[in-house]
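Student: Can you read through this structure? Questions will come right after.
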Amino acid sequence: MKRSRPGTAAVAVTVAAGLALAGCGGTDAPRGEERGDLKVLAMDAPQMKTLKKLTKEHFTAQTGITVDYTLLPENEARDRMNSEFATQAGNYDVASISAYEAPIYSEKGWLAPLDRYVKADGHFHQDDVFPHLVESLTGEDGKLYAEPFYGEGSFLMYRKDLFRKGHLTMPAKPTWKQVADLAARADGIDGASGICLRGLPGWGQNLAPINTVVNTFGGSWYDMKWNARLTSPEFKEAVRFYVDLLRSHGQPGAARMGVMEILESFVAGKCAMMYDATSLASSVEADGSSVKGRVGYVPAPHERTEQAGWLWTWAWGVQQASDRKDDAWKFISWASSKEYQEQVGRELGWTSAPAGNRRSLYANPEYQQAARAWYRQEYTAATDSADPKNPGVGPRPYTGISFLGIPEFAALGTAVSEQIAAAIAGQQSVDTALDKAQDLAQAAAAEYRGG
């Protein structure tokens, strides 16, 4: 079903929220008139910290271009990016955008197309980039608007040592109900929680895993006429399952914990299992992790579908308002290259290399050896996720696995995630949370119903 052109109301709401948070995010935005450095805005993730660490020695030394990074927690980075690109303020030249923002930003003219740079760059090896990631970053006009820095699917990580101690066996392709049973039986072994899951509000936080559960339980946000279905039996069953699992066998303080917080808990040995992004495996297996070498990896849990994992990428996009587009491409050409992956591998170890974006990494024997515990599952997750066009059971009028590919979702998803987080915190029931969420979703899609 072809939907109507997205309106601007939801984007305006998101931008307003971004402006409000940008004023208290703890990092002042650089002034557009300062041209000494290339300005890069990104999420404060381990891969980004590694990139920042290596920039001066490799990129600046080779090109003479200095880079000023603004790294923020995910929710703050999104808000800053939305306000920046919507106003075309020119304070940043490059930002780490996702598969969600790329088609929306490109349609609004906020991103500079990269095709001519790719065509002229004989060293970038575009054909090495996973095609499905390229497709997710290509606009409706057929132009490429971003290059993947790293990609990811999702999978289940579990402590093999705790499972042995508890005489537990992980199925090769577990269902969510099997995972819930294992979480109950693993809970308390050596003081660990049964499972770690995201509970922090945010459409890119708790809703990312929750949406994969909704999809595989047979739920959807809307029917083909854009009527909201958040109070349908399937949607309620999925969210109730997730909330009950967290409240019964999840980590303490779950409603305040996002991806970085649960990763910290898992590597500290406080969780028997964790369902999250494949890109976290390098941190799980890093030196200093208390669980290094003791973790097993299996596909994303499912129920009524065969595949349930998400498909995602953090990619580099250039603001249309930037007057340093040539320098911006030089940065992207280095940061998203297979040569950069090799630099990371040689200097910091292959498990620190940004993964999930290029075929060549998975053909590299050094990476295969270093990432032997998980690289096959990581590769499979990146190439065999749920179908973004049909990730669940039955038709739906939107695309996306862990998100809805409509502009309204940034504001809507965050509002719904807050209601679910309140249920996780025990402040309201799941039914109450979804009754409120249903009203929000119905109002958000009024334009698509012709209302």
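So you can find residues: chains in the structure tokens are A, B, ... in the order shown, residues in each start at 1, and ligands are numbered from 1 in order.
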Tell me, as a count of residues only, which residues lie within 10 Å of Ser333 in chain A, counting only C-alpha atoms; anything in the same chain fewer than 2 positions away does not count.
Tutor: 20
Student: Could you state the separation of CA of Val298 in chain A and CA of Leu156 in chain A in Å, given to one decimal place?
Tutor: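 Separation of CA of Val298 in chain A and CA of Leu156 in chain A: 5.4 Å.
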Student: Determine the nearest neighbour of Gly90 in chain A from the options A:Arg324, A:Lys143, A:Lys119, A:Arg304, counting only C-alpha atoms.
Tutor: A:Arg324
Student: Point out the residue among A:Tyr398, A:Trp176, A:Phe241, A:Phe85 with the least atom-to-atom distance to Gly317 in chain A, counting only C-alpha atoms.
Tutor: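 Closest candidate: A:Phe85.
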Student: Quick one: everything within 8 Å of Asp223 in chain A, counting only C-alpha atoms, minus sequence neighbours fewer than 5 positions away in the same chain. Send it as a PyMOL selection string.
Tutor: chain A and resi 228-229+395-397
